[in-house]
>>> print(open('work29.tsv').read())   # TSV, C-alpha atoms
chain	number	residue	atom	x	y	z
A	1	MET	CA	3.30	17.75	17.60
A	2	ILE	CA	2.02	14.23	17.10
A	3	TYR	CA	1.07	15.21	13.53
A	4	ALA	CA	4.69	16.22	12.91
A	5	LEU	CA	5.99	12.89	14.22
A	6	ALA	CA	3.53	10.90	12.11
A	7	SER	CA	4.35	12.89	8.96
A	8	VAL	CA	8.10	12.49	9.54
A	9	GLY	CA	7.60	8.74	9.92
A	10	VAL	CA	5.55	8.48	6.74
A	11	ILE	CA	8.03	10.63	4.77
A	12	LEU	CA	10.91	8.45	5.99
A	13	ALA	CA	9.01	5.37	4.84
A	14	MET	CA	8.40	7.01	1.46
A	15	ALA	CA	12.13	7.65	1.06
A	16	LEU	CA	12.85	3.99	1.83
A	17	ALA	CA	10.26	2.89	-0.74
A	18	LEU	CA	11.94	5.14	-3.31
A	19	GLY	CA	15.23	3.44	-2.50
A	20	ARG	CA	13.66	0.08	-3.29
A	21	ALA	CA	12.16	1.51	-6.50
A	22	VAL	CA	15.62	2.57	-7.67
A	23	ALA	CA	17.54	-0.50	-6.50
A	24	GLY	CA	14.99	-3.29	-7.08
A	25	PRO	CA	16.60	-5.94	-9.22
A	26	SER	CA	13.35	-6.93	-10.92
A	27	LEU	CA	10.35	-5.20	-12.40
A	28	HIS	CA	7.97	-6.42	-9.72
A	29	ASP	CA	10.13	-4.93	-6.97
A	30	ARG	CA	9.76	-1.54	-8.60
A	31	VAL	CA	6.01	-1.95	-9.12
A	32	LEU	CA	5.64	-2.92	-5.46
A	33	ALA	CA	7.67	0.09	-4.35
A	34	GLY	CA	5.57	2.41	-6.51
A	35	ASN	CA	2.31	1.09	-5.11
A	36	SER	CA	3.63	1.33	-1.56
A	37	PHE	CA	4.71	4.92	-2.24
A	38	GLY	CA	1.20	5.74	-3.46
A	39	THR	CA	-0.48	4.29	-0.38
A	40	LYS	CA	1.81	6.27	1.88
A	41	THR	CA	1.03	9.38	-0.18
A	42	VAL	CA	-2.66	8.91	0.63
A	43	VAL	CA	-1.89	8.73	4.34
A	44	LEU	CA	0.37	11.78	4.15
A	45	ILE	CA	-2.29	13.83	2.35
A	46	CYS	CA	-4.81	12.99	5.07
A	47	ILE	CA	-2.38	14.04	7.81
A	48	LEU	CA	-1.50	17.26	5.98
A	49	GLY	CA	-5.19	18.03	5.63
A	50	PHE	CA	-5.49	18.02	9.39
A	51	VAL	CA	-2.30	20.02	9.89
A	52	SER	CA	-3.38	22.77	7.52
A	53	GLY	CA	-6.95	22.79	8.79
A	54	ARG	CA	-8.48	22.18	5.36
A	55	PRO	CA	-10.85	19.22	5.09
A	56	ASP	CA	-10.78	19.43	1.28
A	57	PHE	CA	-7.55	17.44	1.24
A	58	LEU	CA	-9.53	14.34	2.11
A	59	ASP	CA	-11.24	14.48	-1.29
A	60	ILE	CA	-7.80	14.51	-2.91
A	61	ALA	CA	-6.81	11.53	-0.78
A	62	VAL	CA	-9.87	9.54	-1.90
A	63	LEU	CA	-9.13	10.37	-5.53
A	64	TYR	CA	-5.48	9.41	-5.31
A	65	ALA	CA	-6.29	6.12	-3.60
A	66	LEU	CA	-8.54	5.24	-6.55
A	67	ILE	CA	-5.96	6.35	-9.13
A	68	ASN	CA	-3.20	4.40	-7.42
A	69	PHE	CA	-5.11	1.15	-7.45
A	70	ALA	CA	-6.35	1.47	-11.03
A	71	ALA	CA	-2.86	2.37	-12.29
A	72	LEU	CA	-1.34	-0.60	-10.47
A	73	ILE	CA	-3.72	-3.04	-12.13
A	74	GLY	CA	-3.12	-1.43	-15.52
A	75	ILE	CA	0.66	-1.60	-15.14
A	76	LEU	CA	0.57	-5.25	-14.06
A	77	LYS	CA	-1.67	-6.14	-17.01
A	78	PHE	CA	0.65	-4.34	-19.43
A	79	PHE	CA	3.80	-6.02	-18.17
A	80	ARG	CA	2.15	-9.44	-18.20
A	81	TYR	CA	0.60	-9.35	-21.65
A	82	ARG	CA	2.72	-6.60	-23.29
A	83	THR	CA	-0.48	-4.96	-24.54
A	84	LEU	CA	-3.52	-3.33	-23.00
A	85	ALA	CA	-5.71	-4.24	-25.95
A	86	ILE	CA	-6.75	-7.79	-25.08
A	87	SER	CA	-9.92	-8.56	-23.19
A	88	MET	CA	-9.60	-10.45	-19.93
A	89	GLU	CA	-12.55	-12.76	-20.50
A	90	GLY	CA	-13.69	-15.35	-22.99
A	91	GLU	CA	-12.31	-18.60	-24.37
A	92	GLY	CA	-10.62	-19.38	-27.63
A	93	PRO	CA	-7.13	-19.05	-28.98
A	94	ASP	CA	-6.90	-15.38	-28.03
A	95	ALA	CA	-7.92	-15.88	-24.41
A	96	PRO	CA	-5.33	-14.82	-21.84
A	97	VAL	CA	-3.33	-17.57	-20.14
A	98	PHE	CA	-3.38	-17.56	-16.36
A	99	GLU	CA	-1.12	-20.49	-15.50
A	100	ALA	CA	2.43	-19.92	-14.45
A	101	THR	CA	4.40	-20.34	-17.60
A	102	GLY	CA	7.58	-18.71	-16.43
A	103	GLU	CA	7.78	-16.72	-19.61
A	104	GLY	CA	8.50	-13.10	-19.98
A	105	LYS	CA	10.69	-12.59	-16.95
A	106	ALA	CA	10.89	-8.84	-17.22
A	107	THR	CA	13.78	-7.10	-15.51
B	108	MET	CA	-14.35	11.77	39.62
B	109	THR	CA	-15.29	12.71	36.08
B	110	ILE	CA	-13.26	11.43	33.15
B	111	ASP	CA	-11.75	14.10	30.92
B	112	LEU	CA	-12.97	12.93	27.52
B	113	ASP	CA	-10.70	15.28	25.58
B	114	LEU	CA	-7.63	13.95	27.33
B	115	LEU	CA	-8.77	10.39	26.75
B	116	ARG	CA	-9.35	11.10	23.08
B	117	ASP	CA	-5.93	12.74	22.72
B	118	LEU	CA	-4.20	9.84	24.45
B	119	LEU	CA	-5.95	7.22	22.35
B	120	SER	CA	-5.33	8.99	19.06
B	121	GLY	CA	-1.71	9.64	20.02
B	122	LEU	CA	-1.22	5.95	20.75
B	123	LEU	CA	-2.81	5.01	17.42
B	124	PHE	CA	-0.60	7.53	15.61
B	125	VAL	CA	2.55	6.09	17.17
B	126	VAL	CA	1.62	2.47	16.47
B	127	GLY	CA	0.52	3.25	12.92
B	128	SER	CA	3.67	5.20	12.11
B	129	LEU	CA	5.82	2.44	13.57
B	130	ALA	CA	4.00	-0.11	11.41
B	131	ILE	CA	4.55	1.94	8.26
B	132	VAL	CA	8.25	2.61	9.00
B	133	THR	CA	8.85	-1.05	9.91
B	134	GLY	CA	7.22	-2.15	6.67
B	135	ALA	CA	9.39	0.23	4.68
B	136	ILE	CA	12.54	-1.05	6.43
B	137	GLY	CA	11.43	-4.58	5.55
B	138	LEU	CA	10.84	-3.49	1.96
B	139	VAL	CA	14.48	-2.39	1.77
B	140	ARG	CA	16.14	-5.20	3.68
B	141	PHE	CA	14.31	-8.39	2.74
B	142	PRO	CA	16.07	-10.66	0.26
B	143	ASP	CA	13.28	-11.67	-2.10
B	144	ILE	CA	10.33	-10.22	-4.00
B	145	TYR	CA	7.82	-12.41	-2.17
B	146	THR	CA	9.02	-11.49	1.32
B	147	ARG	CA	9.02	-7.83	0.29
B	148	VAL	CA	5.45	-8.11	-0.96
B	149	HIS	CA	4.43	-9.57	2.38
B	150	ALA	CA	6.15	-6.83	4.38
B	151	ALA	CA	4.91	-3.95	2.29
B	152	GLY	CA	1.38	-5.22	1.79
B	153	VAL	CA	0.57	-6.12	5.37
B	154	THR	CA	2.13	-3.14	7.11
B	155	ASP	CA	0.97	-0.54	4.59
B	156	THR	CA	-2.66	-1.50	4.97
B	157	ALA	CA	-2.56	-1.94	8.76
B	158	GLY	CA	-0.54	1.22	9.44
B	159	ALA	CA	-2.71	3.31	7.15
B	160	GLU	CA	-5.87	2.05	8.85
B	161	LEU	CA	-4.48	2.85	12.30
B	162	ILE	CA	-3.43	6.37	11.29
B	163	LEU	CA	-6.79	7.00	9.63
B	164	PHE	CA	-8.59	5.86	12.75
B	165	ALA	CA	-6.44	8.18	14.85
B	166	LEU	CA	-7.38	11.04	12.52
B	167	MET	CA	-11.04	10.09	12.87
B	168	LEU	CA	-10.77	10.57	16.62
B	169	GLN	CA	-9.39	14.08	16.07
B	170	ALA	CA	-11.93	15.11	13.45
B	171	PRO	CA	-13.82	18.39	13.99
B	172	ASN	CA	-17.14	17.24	12.48
B	173	TRP	CA	-18.91	14.18	11.14
B	174	LEU	CA	-18.32	14.94	7.45
B	175	VAL	CA	-14.56	14.58	7.99
B	176	VAL	CA	-15.18	11.29	9.81
B	177	ALA	CA	-17.26	10.06	6.87
B	178	LYS	CA	-14.57	10.95	4.33
B	179	LEU	CA	-11.86	9.30	6.42
B	180	ALA	CA	-14.07	6.24	6.79
B	181	PHE	CA	-14.44	6.07	3.03
B	182	VAL	CA	-10.68	6.27	2.47
B	183	GLY	CA	-10.15	3.65	5.17
B	184	PHE	CA	-12.73	1.33	3.70
B	185	PHE	CA	-11.23	1.65	0.23
B	186	LEU	CA	-7.68	0.99	1.45
B	187	PHE	CA	-8.98	-1.96	3.47
B	188	LEU	CA	-10.38	-3.51	0.32
B	189	THR	CA	-7.73	-2.63	-2.25
B	190	GLY	CA	-4.58	-3.10	-0.14
B	191	PRO	CA	-4.79	-6.89	0.05
B	192	VAL	CA	-6.02	-7.11	-3.55
B	193	ALA	CA	-3.02	-5.10	-4.74
B	194	THR	CA	-0.67	-7.26	-2.67
B	195	HIS	CA	-2.08	-10.42	-4.19
B	196	ALA	CA	-2.01	-8.96	-7.69
B	197	ILE	CA	1.69	-8.09	-7.42
B	198	ALA	CA	2.61	-11.47	-5.93
B	199	HIS	CA	0.61	-13.34	-8.58
B	200	ALA	CA	2.14	-11.28	-11.35
B	201	ALA	CA	5.61	-12.02	-9.98
B	202	TRP	CA	4.88	-15.78	-9.87
B	203	VAL	CA	3.38	-15.92	-13.36
B	204	GLY	CA	6.17	-13.74	-14.64
B	205	GLY	CA	8.73	-16.28	-13.51
B	206	GLU	CA	10.26	-14.87	-10.33
B	207	LYS	CA	11.69	-17.78	-8.37
B	208	PRO	CA	11.42	-17.56	-4.55
B	209	LEU	CA	14.58	-17.98	-2.48
B	210	VAL	CA	14.28	-21.16	-0.42
B	211	GLY	CA	16.47	-23.30	1.81
B	212	PRO	CA	19.16	-22.43	4.36
B	213	GLY	CA	21.44	-21.07	1.67
B	214	LEU	CA	18.69	-18.91	0.15
B	215	LYS	CA	19.02	-20.34	-3.32
B	216	PRO	CA	16.42	-19.48	-5.93
B	217	ASP	CA	14.11	-22.39	-6.41
B	218	GLY	CA	10.54	-22.86	-7.33
B	219	ASP	CA	8.43	-24.86	-9.65
B	220	ALA	CA	6.04	-22.84	-11.74
B	221	THR	CA	3.19	-25.37	-11.47
>>> encode(input="work29.tsv", output="structure tokens")
Amino acid sequence: MIYALASVGVILAMALALGRAVAGPSLHDRVLAGNSFGTKTVVLICILGFVSGRPDFLDIAVLYALINFAALIGILKFFRYRTLAISMEGEGPDAPVFEATGEGKAT
Amino acid sequence: MTIDLDLLRDLLSGLLFVVGSLAIVTGAIGLVRFPDIYTRVHAAGVTDTAGAELILFALMLQAPNWLVVAKLAFVGFFLFLTGPVATHAIAHAAWVGGEKPLVGPGLKPDGDAT
């Protein structure tokens, strides 16, 4: 019964995160909501693994946690530099700029 | 009087489940109701990581064997490391991307990108 309560709570939180993903006025609100949704998905998969009595779900949870984090970093890099092709190290005129320039306010 | 370890384990994991679920739901409510990207990042980042760790620890107490405990520990360790990193990455990307924080009693957007 406690598993049911925990899963209902996590599913409710996922619905609220989806609401923020739809209604977020800026890009970063939607990225934040997507990442939050992914973290709650990992928790929900772990709980469902216990409910169904199959410990294999924990492997899926590990995999999705990794995918979620890597995808978040990739998405943030793309929306900052508008390309995935540049390297994040090195000096020179092509080096990425890390100061706050206020440019590219993506909405 | 002997202590019933199964009852103690069930009580402790039930308490951790309740607290963890409350943390996650509270963080999601904050994600919806807060006025600014930076406050939302704080709500979602802190409560997601903490609530997930509490629920995973509650599941560890209910695990049938040590392999399940090891897998849950791995997921918990990974979320413990990447949750705060993801929070900082989103907040830094918002700042560099030009999102102004709402400041002052009237909640006006203000902020110097320096």
>>> closest_atom_pairs(input="work29.tsv", of="chain B", to="chain A", cutoff="8 Å", atoms="only C-alpha atoms", output="JSON lines")
{"residue": "B:Gly121", "atom": "CA", "partner": "A:Ile2", "partner_atom": "CA", "distance": 6.6}
{"residue": "B:Phe124", "atom": "CA", "partner": "A:Ala6", "partner_atom": "CA", "distance": 6.4}
{"residue": "B:Val125", "atom": "CA", "partner": "A:Ala6", "partner_atom": "CA", "distance": 7.0}
{"residue": "B:Ser128", "atom": "CA", "partner": "A:Ala6", "partner_atom": "CA", "distance": 5.7}
{"residue": "B:Leu129", "atom": "CA", "partner": "A:Gly9", "partner_atom": "CA", "distance": 7.5}
{"residue": "B:Ile131", "atom": "CA", "partner": "A:Ala13", "partner_atom": "CA", "distance": 6.6}
{"residue": "B:Val132", "atom": "CA", "partner": "A:Ala13", "partner_atom": "CA", "distance": 5.0}
{"residue": "B:Gly134", "atom": "CA", "partner": "A:Ala13", "partner_atom": "CA", "distance": 7.9}
{"residue": "B:Ala135", "atom": "CA", "partner": "A:Ala13", "partner_atom": "CA", "distance": 5.2}
{"residue": "B:Ile136", "atom": "CA", "partner": "A:Leu16", "partner_atom": "CA", "distance": 6.8}
{"residue": "B:Leu138", "atom": "CA", "partner": "A:Arg20", "partner_atom": "CA", "distance": 6.9}
{"residue": "B:Val139", "atom": "CA", "partner": "A:Arg20", "partner_atom": "CA", "distance": 5.7}
{"residue": "B:Ile144", "atom": "CA", "partner": "A:Asp29", "partner_atom": "CA", "distance": 6.1}
{"residue": "B:Arg147", "atom": "CA", "partner": "A:Asp29", "partner_atom": "CA", "distance": 7.9}
{"residue": "B:Val148", "atom": "CA", "partner": "A:Leu32", "partner_atom": "CA", "distance": 6.9}
{"residue": "B:Ala151", "atom": "CA", "partner": "A:Ser36", "partner_atom": "CA", "distance": 6.7}
{"residue": "B:Gly152", "atom": "CA", "partner": "A:Ser36", "partner_atom": "CA", "distance": 7.7}
{"residue": "B:Asp155", "atom": "CA", "partner": "A:Ser36", "partner_atom": "CA", "distance": 7.0}
{"residue": "B:Ala159", "atom": "CA", "partner": "A:Val43", "partner_atom": "CA", "distance": 6.2}
{"residue": "B:Ile162", "atom": "CA", "partner": "A:Val43", "partner_atom": "CA", "distance": 7.5}
{"residue": "B:Leu163", "atom": "CA", "partner": "A:Val43", "partner_atom": "CA", "distance": 7.4}
{"residue": "B:Leu166", "atom": "CA", "partner": "A:Ile47", "partner_atom": "CA", "distance": 7.5}
{"residue": "B:Val175", "atom": "CA", "partner": "A:Pro55", "partner_atom": "CA", "distance": 6.6}
{"residue": "B:Lys178", "atom": "CA", "partner": "A:Leu58", "partner_atom": "CA", "distance": 6.5}
{"residue": "B:Leu179", "atom": "CA", "partner": "A:Leu58", "partner_atom": "CA", "distance": 7.0}
{"residue": "B:Phe181", "atom": "CA", "partner": "A:Val62", "partner_atom": "CA", "distance": 7.6}
{"residue": "B:Val182", "atom": "CA", "partner": "A:Val62", "partner_atom": "CA", "distance": 5.5}
{"residue": "B:Phe185", "atom": "CA", "partner": "A:Ala65", "partner_atom": "CA", "distance": 7.7}
{"residue": "B:Leu186", "atom": "CA", "partner": "A:Ala65", "partner_atom": "CA", "distance": 7.3}
{"residue": "B:Thr189", "atom": "CA", "partner": "A:Phe69", "partner_atom": "CA", "distance": 6.9}
{"residue": "B:Ala193", "atom": "CA", "partner": "A:Phe69", "partner_atom": "CA", "distance": 7.1}
{"residue": "B:Ala196", "atom": "CA", "partner": "A:Ile73", "partner_atom": "CA", "distance": 7.6}
{"residue": "B:Ile197", "atom": "CA", "partner": "A:Leu32", "partner_atom": "CA", "distance": 6.8}
{"residue": "B:Ala200", "atom": "CA", "partner": "A:Leu76", "partner_atom": "CA", "distance": 6.8}
{"residue": "B:Ala201", "atom": "CA", "partner": "A:His28", "partner_atom": "CA", "distance": 6.1}
{"residue": "B:Trp202", "atom": "CA", "partner": "A:Ala100", "partner_atom": "CA", "distance": 6.6}
{"residue": "B:Val203", "atom": "CA", "partner": "A:Ala100", "partner_atom": "CA", "distance": 4.3}
{"residue": "B:Gly204", "atom": "CA", "partner": "A:Lys105", "partner_atom": "CA", "distance": 5.2}
{"residue": "B:Gly205", "atom": "CA", "partner": "A:Gly102", "partner_atom": "CA", "distance": 4.0}
{"residue": "B:Glu206", "atom": "CA", "partner": "A:Lys105", "partner_atom": "CA", "distance": 7.0}
{"residue": "B:Ala220", "atom": "CA", "partner": "A:Ala100", "partner_atom": "CA", "distance": 5.4}
{"residue": "B:Thr221", "atom": "CA", "partner": "A:Ala100", "partner_atom": "CA", "distance": 6.3}
>>> atom_distance(input="work29.tsv", atom1="atom CA of B:Ala130", atom2="atom CA of B:Gly158")
5.1 Å
>>> atom_distance(input="work29.tsv", atom1="atom CA of B:Phe184", atom2="atom CA of B:Thr146")
25.4 Å
>>> atom_distance(input="work29.tsv", atom1="atom CA of B:Leu123", atom2="atom CA of B:Asn172")
19.5 Å
>>> decode(input="work29.tsv", residues="stretch 108-217 of chain B", atoms="C-alpha atoms", output="PDB file, in the first residue's frame")
ATOM      1  CA  MET B 108      11.417  -7.989  25.263  1.00  0.00           C
ATOM      2  CA  THR B 109      12.746  -8.687  21.791  1.00  0.00           C
ATOM      3  CA  ILE B 110      12.481  -6.064  19.070  1.00  0.00           C
ATOM      4  CA  ASP B 111      10.579  -7.116  15.963  1.00  0.00           C
ATOM      5  CA  LEU B 112      13.099  -6.224  13.268  1.00  0.00           C
ATOM      6  CA  ASP B 113      10.629  -6.663  10.413  1.00  0.00           C
ATOM      7  CA  LEU B 114       8.208  -4.220  11.972  1.00  0.00           C
ATOM      8  CA  LEU B 115      11.006  -1.761  12.625  1.00  0.00           C
ATOM      9  CA  ARG B 116      12.184  -2.050   9.035  1.00  0.00           C
ATOM     10  CA  ASP B 117       8.652  -1.549   7.706  1.00  0.00           C
ATOM     11  CA  LEU B 118       8.096   1.487   9.901  1.00  0.00           C
ATOM     12  CA  LEU B 119      11.388   3.095   8.935  1.00  0.00           C
ATOM     13  CA  SER B 120      10.950   2.495   5.216  1.00  0.00           C
ATOM     14  CA  GLY B 121       7.348   3.708   5.385  1.00  0.00           C
ATOM     15  CA  LEU B 122       8.485   6.916   7.049  1.00  0.00           C
ATOM     16  CA  LEU B 123      11.185   7.409   4.420  1.00  0.00           C
ATOM     17  CA  PHE B 124       8.659   6.779   1.642  1.00  0.00           C
ATOM     18  CA  VAL B 125       6.276   9.382   3.046  1.00  0.00           C
ATOM     19  CA  VAL B 126       8.965  12.021   3.564  1.00  0.00           C
ATOM     20  CA  GLY B 127      10.507  11.383   0.149  1.00  0.00           C
ATOM     21  CA  SER B 128       7.178  11.551  -1.659  1.00  0.00           C
ATOM     22  CA  LEU B 129       6.281  14.746   0.179  1.00  0.00           C
ATOM     23  CA  ALA B 130       9.613  16.262  -0.856  1.00  0.00           C
ATOM     24  CA  ILE B 131       9.065  15.376  -4.506  1.00  0.00           C
ATOM     25  CA  VAL B 132       5.452  16.644  -4.563  1.00  0.00           C
ATOM     26  CA  THR B 133       6.428  19.854  -2.755  1.00  0.00           C
ATOM     27  CA  GLY B 134       9.213  20.453  -5.251  1.00  0.00           C
ATOM     28  CA  ALA B 135       6.828  19.943  -8.151  1.00  0.00           C
ATOM     29  CA  ILE B 136       4.317  22.381  -6.613  1.00  0.00           C
ATOM     30  CA  GLY B 137       7.168  24.884  -6.268  1.00  0.00           C
ATOM     31  CA  LEU B 138       8.144  24.258  -9.876  1.00  0.00           C
ATOM     32  CA  VAL B 139       4.635  25.295 -10.935  1.00  0.00           C
ATOM     33  CA  ARG B 140       4.045  28.196  -8.582  1.00  0.00           C
ATOM     34  CA  PHE B 141       7.349  30.042  -8.275  1.00  0.00           C
ATOM     35  CA  PRO B 142       7.648  33.277 -10.249  1.00  0.00           C
ATOM     36  CA  ASP B 143      11.122  33.035 -11.757  1.00  0.00           C
ATOM     37  CA  ILE B 144      13.431  30.582 -13.511  1.00  0.00           C
ATOM     38  CA  TYR B 145      16.048  30.772 -10.766  1.00  0.00           C
ATOM     39  CA  THR B 146      13.631  30.068  -7.920  1.00  0.00           C
ATOM     40  CA  ARG B 147      12.186  27.194  -9.935  1.00  0.00           C
ATOM     41  CA  VAL B 148      15.649  25.749 -10.491  1.00  0.00           C
ATOM     42  CA  HIS B 149      16.258  25.873  -6.755  1.00  0.00           C
ATOM     43  CA  ALA B 150      12.963  24.162  -5.912  1.00  0.00           C
ATOM     44  CA  ALA B 151      13.223  21.453  -8.526  1.00  0.00           C
ATOM     45  CA  GLY B 152      16.914  20.729  -8.084  1.00  0.00           C
ATOM     46  CA  VAL B 153      17.014  20.464  -4.314  1.00  0.00           C
ATOM     47  CA  THR B 154      13.816  18.519  -3.769  1.00  0.00           C
ATOM     48  CA  ASP B 155      14.253  16.150  -6.709  1.00  0.00           C
ATOM     49  CA  THR B 156      17.632  14.971  -5.517  1.00  0.00           C
ATOM     50  CA  ALA B 157      16.695  14.762  -1.828  1.00  0.00           C
ATOM     51  CA  GLY B 158      13.319  13.087  -2.394  1.00  0.00           C
ATOM     52  CA  ALA B 159      14.784  10.582  -4.828  1.00  0.00           C
ATOM     53  CA  GLU B 160      17.546   9.676  -2.371  1.00  0.00           C
ATOM     54  CA  LEU B 161      15.039   9.180   0.447  1.00  0.00           C
ATOM     55  CA  ILE B 162      12.778   6.970  -1.669  1.00  0.00           C
ATOM     56  CA  LEU B 163      15.745   4.940  -2.907  1.00  0.00           C
ATOM     57  CA  PHE B 164      16.927   4.423   0.647  1.00  0.00           C
ATOM     58  CA  ALA B 165      13.438   3.282   1.645  1.00  0.00           C
ATOM     59  CA  LEU B 166      13.521   0.789  -1.237  1.00  0.00           C
ATOM     60  CA  MET B 167      16.932  -0.412  -0.071  1.00  0.00           C
ATOM     61  CA  LEU B 168      15.431  -1.296   3.297  1.00  0.00           C
ATOM     62  CA  GLN B 169      12.767  -3.397   1.566  1.00  0.00           C
ATOM     63  CA  ALA B 170      15.132  -5.164  -0.820  1.00  0.00           C
ATOM     64  CA  PRO B 171      15.006  -8.985  -0.955  1.00  0.00           C
ATOM     65  CA  ASN B 172      18.742  -9.525  -1.544  1.00  0.00           C
ATOM     66  CA  TRP B 173      22.051  -7.688  -1.662  1.00  0.00           C
ATOM     67  CA  LEU B 174      22.220  -7.402  -5.456  1.00  0.00           C
ATOM     68  CA  VAL B 175      19.109  -5.203  -5.424  1.00  0.00           C
ATOM     69  CA  VAL B 176      20.672  -3.091  -2.671  1.00  0.00           C
ATOM     70  CA  ALA B 177      23.818  -2.678  -4.776  1.00  0.00           C
ATOM     71  CA  LYS B 178      21.858  -1.577  -7.844  1.00  0.00           C
ATOM     72  CA  LEU B 179      19.793   0.883  -5.820  1.00  0.00           C
ATOM     73  CA  ALA B 180      22.985   2.203  -4.252  1.00  0.00           C
ATOM     74  CA  PHE B 181      24.423   2.763  -7.699  1.00  0.00           C
ATOM     75  CA  VAL B 182      21.347   4.684  -8.870  1.00  0.00           C
ATOM     76  CA  GLY B 183      21.386   6.694  -5.651  1.00  0.00           C
ATOM     77  CA  PHE B 184      25.051   7.509  -5.977  1.00  0.00           C
ATOM     78  CA  PHE B 185      24.617   8.611  -9.577  1.00  0.00           C
ATOM     79  CA  LEU B 186      21.628  10.834  -8.784  1.00  0.00           C
ATOM     80  CA  PHE B 187      23.545  12.265  -5.828  1.00  0.00           C
ATOM     81  CA  LEU B 188      26.334  13.343  -8.151  1.00  0.00           C
ATOM     82  CA  THR B 189      24.416  14.436 -11.238  1.00  0.00           C
ATOM     83  CA  GLY B 190      21.424  16.135  -9.595  1.00  0.00           C
ATOM     84  CA  PRO B 191      23.343  19.150  -8.305  1.00  0.00           C
ATOM     85  CA  VAL B 192      25.484  19.282 -11.456  1.00  0.00           C
ATOM     86  CA  ALA B 193      22.354  19.388 -13.621  1.00  0.00           C
ATOM     87  CA  THR B 194      20.841  22.087 -11.399  1.00  0.00           C
ATOM     88  CA  HIS B 195      23.941  24.227 -11.717  1.00  0.00           C
ATOM     89  CA  ALA B 196      24.162  23.628 -15.462  1.00  0.00           C
ATOM     90  CA  ILE B 197      20.585  24.813 -16.020  1.00  0.00           C
ATOM     91  CA  ALA B 198      21.007  27.864 -13.786  1.00  0.00           C
ATOM     92  CA  HIS B 199      24.303  28.805 -15.450  1.00  0.00           C
ATOM     93  CA  ALA B 200      22.823  28.353 -18.897  1.00  0.00           C
ATOM     94  CA  ALA B 201      19.892  30.581 -17.927  1.00  0.00           C
ATOM     95  CA  TRP B 202      22.255  33.300 -16.637  1.00  0.00           C
ATOM     96  CA  VAL B 203      24.546  33.214 -19.665  1.00  0.00           C
ATOM     97  CA  GLY B 204      21.540  33.080 -21.932  1.00  0.00           C
ATOM     98  CA  GLY B 205      20.296  36.357 -20.530  1.00  0.00           C
ATOM     99  CA  GLU B 206      17.460  35.470 -18.162  1.00  0.00           C
ATOM    100  CA  LYS B 207      17.093  38.319 -15.695  1.00  0.00           C
ATOM    101  CA  PRO B 208      16.151  37.359 -12.100  1.00  0.00           C
ATOM    102  CA  LEU B 209      13.133  39.036 -10.513  1.00  0.00           C
ATOM    103  CA  VAL B 210      14.314  41.190  -7.609  1.00  0.00           C
ATOM    104  CA  GLY B 211      12.868  43.755  -5.230  1.00  0.00           C
ATOM    105  CA  PRO B 212       9.509  44.031  -3.482  1.00  0.00           C
ATOM    106  CA  GLY B 213       7.712  44.549  -6.766  1.00  0.00           C
ATOM    107  CA  LEU B 214       9.408  41.549  -8.396  1.00  0.00           C
ATOM    108  CA  LYS B 215      10.778  43.484 -11.320  1.00  0.00           C
ATOM    109  CA  PRO B 216      13.266  41.826 -13.632  1.00  0.00           C
ATOM    110  CA  ASP B 217      16.707  43.114 -12.896  1.00  0.00           C
TER     111      ASP B 217
END
